[in-house]
Every structure is written in C-alpha cells, then in structure tokens.
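Undergrad: Provided below: run_17.cif, containing mmCIF, C-alpha atoms and all ligand atoms.
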```
data_run
loop_
_atom_site.label_atom_id
_atom_site.label_comp_id
_atom_site.auth_asym_id
_atom_site.auth_seq_id
_atom_site.Cartn_x
_atom_site.Cartn_y
_atom_site.Cartn_z
CA MET A 933 59.92 27.49 25.67
CA GLY A 934 57.40 27.06 28.46
CA ASN A 935 57.11 29.49 31.29
CA LYS A 936 56.83 29.53 35.05
CA ALA A 937 54.83 31.82 37.30
CA VAL A 938 56.78 32.68 40.43
CA LYS A 939 55.48 34.29 43.59
CA PHE A 940 57.74 35.66 46.30
CA GLY A 941 56.41 36.15 49.80
CA GLY A 942 57.02 39.09 52.11
CA SER A 943 60.05 37.68 53.86
CA SER A 944 61.63 36.99 50.46
CA LEU A 945 61.36 40.71 49.67
CA ALA A 946 61.84 42.24 53.09
CA ASP A 947 65.07 44.12 52.27
CA ALA A 948 67.61 44.70 49.51
CA ASN A 949 69.58 41.60 50.39
CA GLN A 950 66.47 39.48 49.91
CA PHE A 951 65.70 41.29 46.62
CA LYS A 952 69.13 40.25 45.39
CA LYS A 953 68.43 36.61 46.16
CA VAL A 954 65.09 36.88 44.38
CA ALA A 955 66.69 38.44 41.31
CA SER A 956 69.31 35.74 41.10
CA ILE A 957 66.65 33.03 41.37
CA ILE A 958 64.65 34.65 38.56
CA LYS A 959 67.66 35.23 36.34
CA SER A 960 68.90 31.66 36.79
CA ASP A 961 65.94 30.29 34.83
CA PRO A 962 64.70 32.11 31.71
CA LYS A 963 61.33 30.41 32.11
CA ARG A 964 60.66 32.46 35.24
CA LYS A 965 58.95 35.23 33.31
CA TYR A 966 55.93 36.16 35.38
CA VAL A 967 56.68 37.37 38.84
CA VAL A 968 54.22 38.12 41.65
CA PRO A 969 55.68 39.93 44.68
CA SER A 970 54.24 40.43 48.16
CA ALA A 971 54.83 43.60 50.18
CA PRO A 972 58.00 43.76 52.31
CA GLY A 973 57.53 41.42 55.26
CA LYS A 974 59.44 41.01 58.48
CA ARG A 975 63.24 41.29 58.48
CA PHE A 976 63.47 39.98 62.04
CA PRO A 977 60.88 38.48 64.42
CA ASP A 978 59.74 41.75 66.01
CA ASP A 979 59.67 43.68 62.76
CA ILE A 980 56.38 45.01 61.34
CA LYS A 981 55.12 44.05 57.91
CA VAL A 982 54.56 46.98 55.56
CA THR A 983 50.97 45.76 55.04
CA ASP A 984 50.31 46.21 58.76
CA MET A 985 51.94 49.65 58.71
CA LEU A 986 49.62 50.64 55.87
CA TYR A 987 46.54 49.38 57.72
CA LYS A 988 47.61 51.52 60.66
CA CYS A 989 48.02 54.66 58.53
CA CYS A 990 44.58 54.09 57.08
CA GLU A 991 43.06 53.71 60.51
CA LEU A 992 44.68 56.93 61.71
CA ALA A 993 43.61 58.73 58.54
CA GLY A 994 40.06 57.46 59.03
CA SER A 995 39.94 58.97 62.51
CA GLY A 996 41.33 62.23 61.23
CA VAL A 997 44.63 61.78 63.07
CA ASP A 998 47.93 62.87 61.54
CA PHE A 999 49.68 59.78 60.17
CA SER A 1000 52.77 61.39 58.71
CA ASP A 1001 55.17 59.81 61.23
CA ASP A 1002 53.83 56.36 60.51
CA PHE A 1003 53.88 56.95 56.78
CA GLN A 1004 57.47 58.14 57.02
CA LEU A 1005 58.44 54.68 58.34
CA ILE A 1006 56.90 53.13 55.23
CA LYS A 1007 58.79 55.54 52.98
CA ASP A 1008 61.97 54.68 54.83
CA ARG A 1009 61.47 50.96 54.19
CA TYR A 1010 61.08 51.43 50.45
CA ASN A 1011 63.72 54.12 50.11
CA GLY A 1012 66.12 51.93 52.05
CA ILE A 1013 65.57 49.07 49.60
CA ILE A 1014 66.03 51.37 46.59
CA ALA A 1015 69.23 52.88 48.02
CA ASP A 1016 70.71 49.52 49.00
CA LEU A 1017 69.96 48.04 45.59
CA GLY A 1018 71.64 51.07 44.01
CA ILE A 1019 68.90 51.61 41.45
CA ASP A 1020 67.95 54.94 40.01
CA MET A 1021 64.31 55.46 40.80
CA SER A 1022 62.09 57.51 43.04
CA LEU A 1023 58.72 56.62 44.49
CA ASP A 1024 58.11 60.18 45.78
CA SER A 1025 55.19 60.96 43.51
CA GLU A 1026 53.63 57.58 44.36
CA PHE A 1027 54.00 58.35 48.08
CA ASP A 1028 52.31 61.74 47.56
CA THR A 1029 49.40 60.15 45.72
CA ILE A 1030 48.90 57.59 48.50
CA VAL A 1031 48.97 60.23 51.22
CA SER A 1032 46.46 62.44 49.50
CA GLU A 1033 44.22 59.48 48.70
CA LEU A 1034 44.29 58.34 52.33
CA LYS A 1035 43.48 61.86 53.49
CA SER A 1036 40.48 62.23 51.23
CA ARG A 1037 39.19 58.63 51.05
CA PRO A 1038 40.80 56.35 53.65
CA ALA A 1039 39.89 52.91 52.29
CA LYS A 1040 41.44 49.87 53.96
CA ASP A 1041 41.90 47.72 50.88
CA TYR A 1042 43.39 50.54 48.87
CA ALA A 1043 45.85 51.31 51.68
CA ALA A 1044 46.94 47.68 52.10
CA SER A 1045 47.30 47.12 48.36
CA ARG A 1046 49.97 49.82 48.10
CA GLY A 1047 52.46 47.54 49.85
CA GLU A 1048 52.52 45.12 46.92
CA TYR A 1049 52.11 47.90 44.36
CA LEU A 1050 55.22 49.78 45.49
CA ASN A 1051 57.26 46.62 45.96
CA GLY A 1052 56.27 45.53 42.46
CA LYS A 1053 57.50 48.86 41.06
CA ILE A 1054 60.88 48.39 42.68
CA LEU A 1055 61.21 44.76 41.66
CA ALA A 1056 60.26 45.48 38.03
CA ASN A 1057 62.84 48.25 37.89
CA TYR A 1058 65.55 46.11 39.46
CA LEU A 1059 64.90 43.14 37.19
CA GLY A 1060 64.35 45.28 34.08
CA PHE A 1061 60.90 43.63 33.73
CA ASN A 1062 57.61 45.19 32.64
CA PHE A 1063 55.30 46.35 35.42
CA VAL A 1064 51.64 45.37 35.11
CA ASP A 1065 49.31 46.84 37.71
CA ALA A 1066 47.14 44.12 39.25
CA ALA A 1067 44.29 46.64 39.31
CA ASP A 1068 44.18 46.43 35.51
CA VAL A 1069 43.88 42.65 35.35
CA ILE A 1070 42.48 41.09 38.53
CA VAL A 1071 38.71 41.64 38.53
CA PHE A 1072 36.25 41.31 41.42
CA ASP A 1073 32.49 41.70 41.32
CA THR A 1074 30.83 44.41 43.39
CA LYS A 1075 30.60 42.06 46.38
CA GLY A 1076 34.33 41.38 46.23
CA VAL A 1077 34.16 37.92 44.68
CA LEU A 1078 36.92 37.16 42.19
CA LEU A 1079 35.75 36.87 38.57
CA LEU A 1080 38.22 34.26 37.39
CA ASP A 1081 37.24 33.99 33.72
CA GLU A 1082 37.24 37.71 33.22
CA THR A 1083 40.52 38.02 35.08
CA VAL A 1084 42.21 35.35 32.98
CA LYS A 1085 41.03 37.12 29.83
CA LYS A 1086 42.41 40.45 31.02
CA VAL A 1087 45.74 38.98 32.11
CA ARG A 1088 46.17 37.36 28.70
CA GLN A 1089 45.31 40.58 26.85
CA LYS A 1090 47.66 42.63 28.96
CA LEU A 1091 50.57 40.20 28.80
CA LYS A 1092 50.27 39.65 25.07
CA GLY A 1093 53.52 40.64 23.45
CA LEU A 1094 55.31 41.17 26.77
CA GLU A 1095 58.45 39.13 27.32
CA ASN A 1096 58.04 39.20 31.07
CA ALA A 1097 56.13 41.00 33.79
CA VAL A 1098 55.98 41.82 37.47
CA ILE A 1099 52.37 41.79 38.66
CA PRO A 1100 51.89 42.80 42.31
CA GLY A 1101 50.06 40.27 44.47
CA PHE A 1102 47.14 40.61 46.87
CA TYR A 1103 44.82 43.05 45.08
CA GLY A 1104 42.71 43.84 42.07
CA LYS A 1105 39.80 46.11 41.26
CA THR A 1106 36.04 45.65 41.36
CA THR A 1107 33.90 46.16 38.26
CA GLU A 1108 33.04 49.53 39.84
CA GLY A 1109 36.69 50.53 39.89
CA ILE A 1110 37.36 50.16 43.61
CA ILE A 1111 40.61 48.57 44.78
CA LYS A 1112 39.95 45.30 46.56
CA THR A 1113 42.35 42.89 48.25
CA PHE A 1114 42.13 39.18 48.90
CA SER A 1115 42.26 38.14 52.55
CA ARG A 1116 45.65 38.20 54.29
CA GLY A 1117 48.35 36.19 52.57
CA GLY A 1118 46.46 36.66 49.31
CA SER A 1119 49.48 37.15 47.05
CA ASP A 1120 49.46 33.36 46.90
CA VAL A 1121 46.11 33.63 45.14
CA THR A 1122 47.36 36.17 42.63
CA GLY A 1123 50.30 33.90 41.80
CA SER A 1124 47.96 31.02 41.20
CA ILE A 1125 45.70 33.07 38.94
CA ILE A 1126 48.64 34.31 36.89
CA ALA A 1127 49.96 30.74 36.56
CA ASN A 1128 46.58 29.70 35.20
CA ALA A 1129 46.35 32.65 32.80
CA VAL A 1130 49.80 32.16 31.29
CA ASN A 1131 49.45 28.33 31.15
CA ALA A 1132 52.53 28.02 33.30
CA GLU A 1133 54.19 24.62 33.48
CA ILE A 1134 54.58 25.19 37.20
CA TYR A 1135 53.62 27.71 39.86
CA GLU A 1136 56.60 28.30 42.11
CA ASN A 1137 55.71 29.76 45.48
CA TRP A 1138 58.91 31.04 47.09
CA THR A 1139 58.87 31.55 50.82
CA ASP A 1140 61.19 31.11 53.81
CA VAL A 1141 60.81 27.37 54.41
CA SER A 1142 61.90 24.49 52.22
CA GLY A 1143 58.40 23.12 51.80
CA PHE A 1144 55.70 21.63 53.97
CA LEU A 1145 56.85 19.57 56.88
CA VAL A 1146 55.52 16.14 57.75
CA ALA A 1147 54.67 17.38 61.26
CA ASP A 1148 54.73 20.61 63.24
CA PRO A 1149 58.39 21.42 64.05
CA ARG A 1150 57.31 22.80 67.43
CA ILE A 1151 56.30 19.25 68.33
CA VAL A 1152 58.60 16.98 66.33
CA GLU A 1153 62.25 17.91 66.27
CA ASN A 1154 63.52 18.54 62.77
CA PRO A 1155 60.73 16.83 60.83
CA ASP A 1156 61.18 15.73 57.22
CA VAL A 1157 59.99 17.90 54.37
CA ILE A 1158 57.10 16.47 52.37
CA GLU A 1159 58.46 15.81 48.91
CA THR A 1160 55.15 15.43 47.08
CA ILE A 1161 51.63 16.01 48.28
CA THR A 1162 48.35 15.85 46.40
CA TYR A 1163 45.85 18.69 46.51
CA ARG A 1164 43.47 16.47 48.44
CA GLU A 1165 46.04 15.53 51.04
CA LEU A 1166 46.97 19.16 51.40
CA ARG A 1167 43.37 20.08 52.03
CA GLU A 1168 43.12 17.47 54.79
CA LEU A 1169 46.28 18.66 56.49
CA ALA A 1170 45.43 22.33 56.09
CA TYR A 1171 41.99 21.75 57.57
CA MET A 1172 43.61 20.18 60.59
CA GLY A 1173 45.74 23.21 61.21
CA ALA A 1174 48.93 22.75 59.19
CA SER A 1175 49.66 26.30 58.15
CA VAL A 1176 50.19 26.25 54.45
CA LEU A 1177 49.26 28.18 51.38
CA HIS A 1178 46.31 30.54 51.27
CA GLU A 1179 43.31 28.26 50.86
CA ASP A 1180 42.05 30.03 47.76
CA ALA A 1181 45.39 29.62 46.01
CA ILE A 1182 44.71 26.02 45.15
CA PHE A 1183 41.72 26.28 42.87
CA PRO A 1184 43.04 28.33 39.91
CA VAL A 1185 46.02 26.03 39.35
CA ARG A 1186 44.31 22.82 40.30
CA SER A 1187 41.60 23.35 37.72
CA ALA A 1188 44.30 23.90 35.10
CA GLY A 1189 46.41 20.91 36.18
CA ILE A 1190 49.41 23.07 37.10
CA PRO A 1191 51.57 21.79 39.98
CA ILE A 1192 52.67 24.12 42.76
CA ASN A 1193 56.23 23.97 44.02
CA ILE A 1194 56.92 25.47 47.45
CA ARG A 1195 60.52 26.74 47.51
CA ASN A 1196 62.84 28.49 49.91
CA THR A 1197 64.33 31.81 48.76
CA ASN A 1198 67.08 31.43 51.33
CA LYS A 1199 67.92 27.89 50.19
CA PRO A 1200 67.19 27.76 46.48
CA GLU A 1201 69.13 24.51 46.18
CA ASP A 1202 66.38 22.68 48.13
CA ALA A 1203 63.78 20.98 45.95
CA GLY A 1204 60.90 21.99 48.24
CA THR A 1205 57.47 20.42 48.15
CA MET A 1206 55.52 19.61 45.00
CA ILE A 1207 51.75 19.90 45.23
CA VAL A 1208 50.24 17.82 42.47
CA SER A 1209 47.05 16.15 41.31
CA ASN A 1210 46.33 12.45 41.65
CA ASP A 1211 47.52 11.62 38.15
CA TYR A 1212 51.08 12.82 38.83
CA ASP A 1213 53.88 10.38 38.06
CA PHE A 1214 54.80 9.47 41.63
CA SER A 1215 57.62 7.18 40.52
CA LYS A 1216 59.75 10.33 40.41
CA GLU A 1217 59.74 10.45 44.20
CA SER A 1218 62.72 9.31 46.16
CA LEU A 1219 60.90 8.69 49.45
CA GLY A 1220 57.86 6.53 49.81
CA HIS A 1221 56.52 6.69 53.33
CA THR A 1222 53.10 5.27 54.03
CA ILE A 1223 51.91 8.59 55.34
CA THR A 1224 52.35 12.05 53.90
CA GLY A 1225 51.79 14.16 56.97
CA ILE A 1226 50.32 14.47 60.44
CA ALA A 1227 48.43 17.48 61.71
CA GLY A 1228 46.08 18.12 64.55
CA LYS A 1229 44.15 20.61 66.61
CA LYS A 1230 43.14 20.96 70.21
CA GLY A 1231 39.90 22.45 71.45
CA PHE A 1232 37.25 19.85 70.70
CA SER A 1233 34.44 18.41 72.78
CA THR A 1234 32.49 15.23 72.25
CA ILE A 1235 28.81 14.97 72.99
CA ASN A 1236 28.26 11.35 74.03
CA ILE A 1237 24.70 10.09 73.83
CA GLU A 1238 23.44 6.69 74.96
CA LYS A 1239 20.04 5.18 74.54
CA ALA A 1240 18.96 1.55 74.60
CA MET A 1241 17.64 0.43 71.21
CA MET A 1242 18.87 3.63 69.58
CA ASN A 1243 19.49 1.68 66.40
CA ASN A 1244 15.78 0.96 66.04
CA GLU A 1245 14.71 4.53 66.35
CA LEU A 1246 14.24 5.99 62.92
CA GLY A 1247 15.46 9.59 62.68
CA PHE A 1248 17.42 9.55 65.96
CA GLY A 1249 20.61 10.88 64.39
CA MET A 1250 18.74 13.39 62.29
CA LYS A 1251 17.00 14.87 65.31
CA VAL A 1252 20.27 15.22 67.22
CA LEU A 1253 22.02 16.82 64.27
CA ASN A 1254 19.07 19.14 63.77
CA VAL A 1255 19.58 20.48 67.28
CA LEU A 1256 23.20 21.25 66.41
CA TYR A 1257 22.15 22.78 63.11
CA ASN A 1258 19.55 25.01 64.78
CA ASN A 1259 22.24 26.21 67.17
CA GLY A 1260 24.70 26.98 64.38
CA ILE A 1261 27.15 24.21 65.22
CA SER A 1262 28.71 22.02 62.59
CA PHE A 1263 30.11 18.68 63.63
CA GLU A 1264 33.56 17.35 62.82
CA HIS A 1265 33.18 13.62 63.37
CA MET A 1266 30.44 11.28 64.42
CA PRO A 1267 31.46 7.73 65.24
CA SER A 1268 28.53 5.70 66.53
CA GLY A 1269 27.72 2.33 68.07
CA ILE A 1270 24.45 0.41 68.25
CA ASP A 1271 23.17 2.28 71.28
CA THR A 1272 25.67 5.13 71.41
CA MET A 1273 26.46 8.13 69.35
CA SER A 1274 29.33 10.49 69.84
CA ILE A 1275 29.64 13.79 68.09
CA THR A 1276 32.82 15.82 68.01
CA VAL A 1277 32.39 19.58 67.85
CA ASP A 1278 34.50 22.68 68.26
CA SER A 1279 34.46 23.52 72.01
CA ALA A 1280 34.52 27.29 71.42
CA LYS A 1281 31.45 27.13 69.18
CA LEU A 1282 29.62 24.89 71.64
CA ALA A 1283 30.39 27.01 74.72
CA PRO A 1284 27.75 29.73 74.32
CA VAL A 1285 24.91 27.27 73.64
CA ARG A 1286 26.09 24.29 75.67
CA ASP A 1287 23.20 23.99 78.15
CA LYS A 1288 20.65 24.80 75.51
CA VAL A 1289 21.99 22.08 73.20
CA ILE A 1290 21.86 19.46 75.96
CA ALA A 1291 18.33 20.45 76.94
CA GLU A 1292 17.14 20.35 73.36
CA ILE A 1293 18.73 16.95 72.66
CA ARG A 1294 17.07 15.63 75.83
CA ARG A 1295 13.75 16.96 74.68
CA GLU A 1296 14.07 15.66 71.12
CA VAL A 1297 15.36 12.12 71.66
CA ASN A 1298 15.03 11.44 75.39
CA PRO A 1299 18.40 9.69 75.80
CA ASP A 1300 19.28 7.44 78.77
CA ASN A 1301 22.45 9.38 79.20
CA ILE A 1302 24.07 12.44 77.66
CA GLU A 1303 27.37 13.97 78.64
CA ILE A 1304 29.95 16.27 77.18
CA GLU A 1305 33.65 15.54 77.35
CA ASP A 1306 35.98 18.49 76.82
CA GLY A 1307 39.69 18.74 76.22
CA ILE A 1308 39.84 16.54 73.14
CA ALA A 1309 42.51 16.89 70.47
CA ILE A 1310 41.97 15.54 66.99
CA LEU A 1311 44.84 14.23 64.88
CA ALA A 1312 44.72 13.53 61.18
CA ILE A 1313 47.16 11.04 59.78
CA VAL A 1314 47.05 11.69 56.07
CA GLY A 1315 48.47 9.70 53.19
CA ARG A 1316 47.40 8.59 49.73
CA ARG A 1317 49.41 5.38 50.09
CA MET A 1318 47.40 4.14 53.06
CA LYS A 1319 44.82 2.84 50.66
CA ASN A 1320 47.19 0.20 49.36
CA THR A 1321 48.98 -0.54 52.60
CA ARG A 1322 47.64 -3.00 55.09
CA GLY A 1323 47.97 -2.50 58.80
CA THR A 1324 48.10 1.29 58.95
CA VAL A 1325 45.40 1.59 61.56
CA ALA A 1326 46.95 -1.24 63.56
CA ARG A 1327 50.23 0.65 63.59
CA VAL A 1328 48.51 3.84 64.74
CA PHE A 1329 46.93 1.95 67.62
CA ALA A 1330 50.14 0.12 68.47
CA SER A 1331 52.02 3.40 68.73
CA MET A 1332 49.34 4.82 71.00
CA ALA A 1333 49.20 1.69 73.15
CA HIS A 1334 52.96 1.67 73.66
CA ALA A 1335 52.79 5.25 74.81
CA ARG A 1336 49.82 4.43 77.07
CA ILE A 1337 47.72 6.97 75.22
CA ASN A 1338 44.02 6.32 75.27
CA VAL A 1339 42.36 6.73 71.87
CA LYS A 1340 38.97 8.29 72.43
CA LEU A 1341 37.72 8.21 68.90
CA ILE A 1342 38.69 6.91 65.53
CA ASP A 1343 37.38 7.71 62.11
CA GLN A 1344 38.58 6.51 58.75
CA GLY A 1345 36.90 8.02 55.75
CA SER A 1346 35.91 5.81 52.86
CA SER A 1347 38.53 7.47 50.69
CA GLU A 1348 41.16 5.91 52.97
CA LEU A 1349 43.11 9.09 52.61
CA ASN A 1350 43.27 9.69 56.31
CA VAL A 1351 42.83 8.21 59.73
CA ILE A 1352 41.49 10.54 62.37
CA ILE A 1353 41.99 9.87 66.04
CA GLY A 1354 40.90 11.78 69.10
CA VAL A 1355 43.01 11.83 72.24
CA SER A 1356 43.11 13.89 75.40
CA GLU A 1357 44.69 17.29 74.83
CA ASN A 1358 47.36 16.33 77.38
CA ASP A 1359 48.47 13.50 75.09
CA PHE A 1360 48.39 15.57 71.91
CA ALA A 1361 52.09 16.29 71.41
CA GLU A 1362 53.22 12.84 72.48
CA ALA A 1363 50.69 11.20 70.14
CA ILE A 1364 52.09 13.14 67.19
CA ARG A 1365 55.66 12.25 68.09
CA ARG A 1366 54.79 8.56 68.41
CA ILE A 1367 53.04 8.48 65.07
CA TYR A 1368 55.96 10.28 63.48
CA ASP A 1369 58.31 7.66 64.92
CA MET A 1370 56.14 4.81 63.78
CA PHE A 1371 55.63 5.97 60.21
CA ILE A 1372 58.61 8.14 59.37
CA ASN A 1373 61.58 7.22 61.54
CA SER A 1374 60.91 3.49 61.46
CA GLU A 1375 60.42 3.50 57.69
CA LYS A 1376 63.80 5.07 57.04
N1 LIG B 1 50.98 41.56 52.11
C1 LIG B 1 49.77 40.83 52.36
C2 LIG B 1 49.77 40.31 53.77
O1 LIG B 1 50.62 40.63 54.56
C3 LIG B 1 49.52 39.77 51.35
C4 LIG B 1 50.61 38.75 51.20
O2 LIG B 1 51.72 38.94 51.69
O3 LIG B 1 50.35 37.71 50.57
O4 LIG B 1 48.87 39.58 54.14
#
```
Could you express the structure from this file as structure tokens?
Ligand code: ASP
TA:
Amino acid sequence: MGNKAVKFGGSSLADANQFKKVASIIKSDPKRKYVVPSAPGKRFPDDIKVTDMLYKCCELAGSGVDFSDDFQLIKDRYNGIIADLGIDMSLDSEFDTIVSELKSRPAKDYAASRGEYLNGKILANYLGFNFVDAADVIVFDTKGVLLLDETVKKVRQKLKGLENAVIPGFYGKTTEGIIKTFSRGGSDVTGSIIANAVNAEIYENWTDVSGFLVADPRIVENPDVIETITYRELRELAYMGASVLHEDAIFPVRSAGIPINIRNTNKPEDAGTMIVSNDYDFSKESLGHTITGIAGKKGFSTINIEKAMMNNELGFGMKVLNVLYNNGISFEHMPSGIDTMSITVDSAKLAPVRDKVIAEIRREVNPDNIEIEDGIAILAIVGRRMKNTRGTVARVFASMAHARINVKLIDQGSSELNVIIGVSENDFAEAIRRIYDMFINSEK
C-alpha cells in the first residue's frame, strides 16, 4: 500500500470541532499515515492565531515583562481543545517547560514553534498515532538554511518501523541544536519535506478553501476552482499576487515528482486543486479552459525612454539597466520599440531613488525624452494550453477594447505560458472581470 502525507493548516485545527473533522478525514483513508499539523489558527475573523500569541509572550518575556496573563490564554486554547475532545491528557508539564524557557532564554523561533509542537501532541493522542518531534528530523544549518538531504535521511530513520506519525509543522533544529522555524505559513514546507521523505504518492494540503481559484474572489464573483495547475503555472500566478502555498513548499515535492492536492477540511467531498508537473496525464481533467488563472498586482510605474536611432546605439539598453541595477531596482517587464524603450518597475522601490534614476539615465544615454508613468497595474493571464491555441492574445485585446480599457503594455514570454498586460490601476478590476468572462464564462 502506498502512503499519503497530509498537512492540516491552522484553521483546520483551530478547535475541537475542527480536530474531529481532521480525524475523520485521516481515518477515512488508511494511506493517510503521515500527518503534519499547524498551530491552532483563527476560529473567527477577529480571533488571534496561537503562533501570534506565542510571539507576543516571547516579546514580553524579552523585555522582562510578566507574560503570565497572555500565556494563560494559550493554555486555555489547548486545554479547551483537550476537554472538548474528551481525551485524557495533560500538557501542564509542557506549559511549565515553555514558561521557564521563555523566562531564561526568550527566543522567537523557539516560542513560535511551540504552537505546532503542542498541537501535534494533542493530535497524535487523539488519533492514536506516534508523535515525532520535528526538532529531531528537520535540520537547518547554522545560518538557518534547510539541509534537505540530511533531513530526508533523518525522517526516514525516525519513521522506520512506525505505522504512522504526527510530525509538527513549521520548525526544526539547527546543527547547533537551536530551534528554528521556517517563515510564516511554513508548515506547508514541512508537509512537502515529509512527503518527499516517505515517497508519498500525493501530498495533501488541507486548508479552508476548495483549491486555488481562477481569479481573486474579491474581484470576480464566485470564480471557478482551478482543477489542475502545473508547478510552473502556479509560480507565475503566485508571483503576480495570487496567495497560495508557501513558496518553499513546492521544491521538495516537485523534485520528487509528487503532486500536491489542495483540499478543504470543511468540504472534504470537493476534489480541490491538483498541482502537478508537465508530464501529468491531463486527459483526466473534466474542464479544459484555454487559461488556467488570472492574477495581477497594482503599484507599478513605467519608465518610458525615447531616442531617435536608439536601435543603432550599441549598449543603450545595458546602460539603462545598469542605472537601475546600481540603484537596487529590478525590472519586471521591458517591451521596446525601434526608438523607444519602456521599463516596468515596482513604484515603491523606485520612489526613494526616482529623481536620481532619471538624472543618471539622462547622463548615461542622453535620451530625447524620458518620463515616468505611475499607477500601472500588471495582469498575468496564465495557461499551459495557450501554446496550442490560436487567437488568445486577440481575445485578450478584444475583451479590453470592448470595455474601452487601454492596454499600456503587453508581454508574452517565449514559453507562451502567459500573457502579461499593463493597464491603468483604475481599470484593474474591470480588466480581470472581462478576461474572466472571455475565457471562462464564454468557454462554458
Ligand atoms: N503557525 C505558523 C504560522 O502561523 C505556521 C503555519 O501555520 O504554517 O505562520
């Protein structure tokens, strides 16, 4: 029998009721043997995540302030879950250890890691699974960089002979023995590492949505769920602001060819989104839209440069880009004409060096005209099928023209995986809705 690595996010383990859903999901499939929990998340919108409560205690401890009231709230969260689940266990000695550790050595990562650690203890007890401390298997170097090979080796050693295990997410230990966490949301990374180490057939990432959506639901009403997305498409959409998995969660499974399935703990009947590599058998899909998703961001500026005979001037582009480089600005897109060049950059990064950059470009290449246009939004229309479909760009333009939206820039990479357009920030939401209509609603 194969196995599955399953990770449950904070909202999936926020209270006893959620724990019960998680347990029934795990018990409904004997392959779900390796479980990675987050710390208890929010139960309602204004609630506070246990991780944030722990950071606060650590901060208070670090300034020598009494944190017992704040720590009591954390105890209450866990004790509430234990009582409501009706299990026979006590975390009192763990709480005492944490308090005394925070008093003597208030370390941020250690404090935050206890959220997952304690939740893992409860979940293991409730499921009747083995508990494996992530500190014993997830290894970082002294600078805090994950040592994947060493980690995989340790996970395999530790899990050898164990039928199942709960391994808390988010943290590990450095080679010097210091507890270290990933960045926020890092339980996703732990899940991915465990999936790699146990050669899982799939990495299920259980959260509170039924997968990735084709577009931002704050802009498009009730958008479709993406059924299948490749790692590369996901990267494009994530880069353009679609909030998805922790970025570092892709690599460990991708390198091992393990698909990720995003699932909803509150709607386990939904199939969710499959994240797969290019060689996946896409004939399994029921939908086949030309595009996979649309994402975008506001807050860009374009630097528009004009100079007669620019095309004859060797090194023109290099000199301009060097100015940006020397000012610590990376560029996003750079469509150019014969005598014009337009460079899209992040407005916030440009702001502090704006006048300096213009002066330096003037000095370096002596343009006929240089101006900066602010208030640009960039949209990425992403889809692996665009490559084999004619007329995609024409349809993008048609949808913009019908909406009287002026397209300020266009960029299609050679991979034909995406089309990027720039529009005024005022047109941003409408542009997304029109593209959604054109490629999703009209293809239904
Ligand atoms: N509990 C951590 C956080 O809130 C890690 C995680 O949930 O993945 O960021």
Undergrad: Distance atom CA of A:Ala1188-atom CA of A:Asp1120, one decimal place?
TA: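 Atom-to-atom, atom CA of A:Ala1188 to atom CA of A:Asp1120, that is 16.0 Å.
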Undergrad: Tell me which residues come within 9 Å of (40.7, 36.5, 46.8), as a PyMOL selection string, counting only C-alpha atoms in the file's coordinates.
TA: chain A and resi 1072+1076-1078+1102-1104+1112-1115+1118-1119+1121-1122+1180-1181
Undergrad: Name all residues at most 9 Å from stretch 1196-1207 of chain A (count all atoms listed in the file; drop same-chain ones fewer than 2 positions away) and give them as a list in words.
TA: Phe940, Ser943, Ser944, Gln950, Lys953, Val954, Ile957, Asn1137, Trp1138, Thr1139, Asp1140, Val1141, Ser1142, Gly1143, Phe1144, Leu1145, Val1157, Ile1158, Glu1159, Thr1160, Ile1161, Thr1162, Tyr1163, Leu1166, Pro1191, Ile1192, Asn1193, Ile1194 and Ser1209 of chain A
Undergrad: Pick out the closest residue to A:Lys1281 from this set: A:Ser1233, A:Asn1096, A:Asn1298, A:Asn1210. Count only C-alpha atoms.
TA: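 With only C-alpha atoms as the atom set, the closest residue is A:Ser1233.
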Undergrad: Expressed in Å to a single decimal, how great is the separation between atom CA of A:Arg1366 and atom CA of A:Gly1345?
TA: 21.9 Å
Undergrad: Which polymer residues, whether protein, DNA or RNA, lie within 12 Å of the coordinate (69.1, 43.2, 45.1) when you count all atoms listed in the file? List them as a ChimeraX atom specification, using the chain letters and numbers from the file.
TA: /A:944-959,1012-1019,1054-1059
Undergrad: As a short mmCIF file (atom, residue, chain, number, x, y, z; two decimals) with C-alpha atoms, in the frame of the given file, please: the residues near A:Ala1227 (cut-off 9 Å, all atoms listed in the file, same-chain neighbours under 6 positions excluded).
TA:
```cif
data_model
loop_
_atom_site.label_atom_id
_atom_site.label_comp_id
_atom_site.auth_asym_id
_atom_site.auth_seq_id
_atom_site.Cartn_x
_atom_site.Cartn_y
_atom_site.Cartn_z
CA VAL A 1146 55.52 16.14 57.75
CA ALA A 1147 54.67 17.38 61.26
CA ASP A 1148 54.73 20.61 63.24
CA GLU A 1168 43.12 17.47 54.79
CA LEU A 1169 46.28 18.66 56.49
CA ALA A 1170 45.43 22.33 56.09
CA TYR A 1171 41.99 21.75 57.57
CA MET A 1172 43.61 20.18 60.59
CA GLY A 1173 45.74 23.21 61.21
CA ALA A 1174 48.93 22.75 59.19
CA ILE A 1310 41.97 15.54 66.99
CA LEU A 1311 44.84 14.23 64.88
CA ALA A 1312 44.72 13.53 61.18
CA ILE A 1313 47.16 11.04 59.78
CA VAL A 1314 47.05 11.69 56.07
CA ILE A 1364 52.09 13.14 67.19
#
```
Undergrad: Using only C-alpha atoms, which of the listed residues (A:Gly1109, A:Pro1284, A:Gly1093, A:Pro1184) sits closest to A:Val1071?
TA: A:Gly1109
Undergrad: Between A:Leu1094, A:Ile1261, A:Val968, A:Ile1270, single out the one closest to ligand LIG 1 (chain B), counting only C-alpha atoms and all ligand atoms.
TA: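 Looking at the shortest contact to ligand LIG 1 (chain B), the residue is A:Val968.
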Undergrad: Of the candidates A:Glu1026, A:Asp1073, A:Gly1117, A:Asp998, which one gets nearest to A:Pro969 if we count only C-alpha atoms?
TA: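 Among A:Glu1026, A:Asp1073, A:Gly1117, A:Asp998, it is A:Gly1117 that comes nearest to A:Pro969.
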Undergrad: Contacts of A:Gly1354 at 7 Å or less, counting all atoms listed in the file, minus same-chain residues fewer than 6 places along, as a list of chain:residue names?
TA: A:Ile1308, A:Ala1309, A:Ile1310, A:Leu1311, A:Val1339, A:Lys1340, A:Leu1341, A:Ile1342
Undergrad: Which residue gives the smallest distance to A:Asn1051 among A:Ile1110, A:Ala1361, A:Val997, A:Ile1099, with all atoms listed in the file counted?
TA: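 Between A:Ile1110, A:Ala1361, A:Val997, A:Ile1099, the residue approaching A:Asn1051 most closely is A:Ile1099.
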Undergrad: Figure out the distance between atom CA of A:Ile1352 and atom CA of A:Arg1316, please, to one decimal in Å.
TA: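 Distance reported for this atom pair: 14.1 Å.
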Undergrad: Check the smallest atom-to-atom distance from each of A:Phe1003, A:Tyr1042, A:Phe976, A:Phe1360 to A:Lys988 using all atoms listed in the file, then report the winner.
TA: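 Ranking A:Phe1003, A:Tyr1042, A:Phe976, A:Phe1360 by distance to A:Lys988, first place goes to A:Phe1003.
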Undergrad: Residues within 10 Å of A:Glu1133, please, as a PyMOL selection string. Count only C-alpha atoms; anything in the same chain fewer than 5 positions from it doesn't count.
TA: chain A and resi 934-937+963+1127-1128+1189-1192
Undergrad: Can you list, as a list in words, every protein, DNA or RNA residue that comes within 12 Å of A:Met1318 when you count all atoms listed in the file, leaving out same-chain residues fewer than 6 positions away?
TA: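 My reading of the contact set: Glu1165, Gly1220, His1221, Thr1222, Ile1223, Thr1224, Gly1225, Thr1324, Val1325, Ala1326, Arg1327, Val1328, Gln1344, Gly1345, Ser1346, Ser1347, Glu1348, Leu1349, Asn1350, Val1351 and Phe1371 of chain A.
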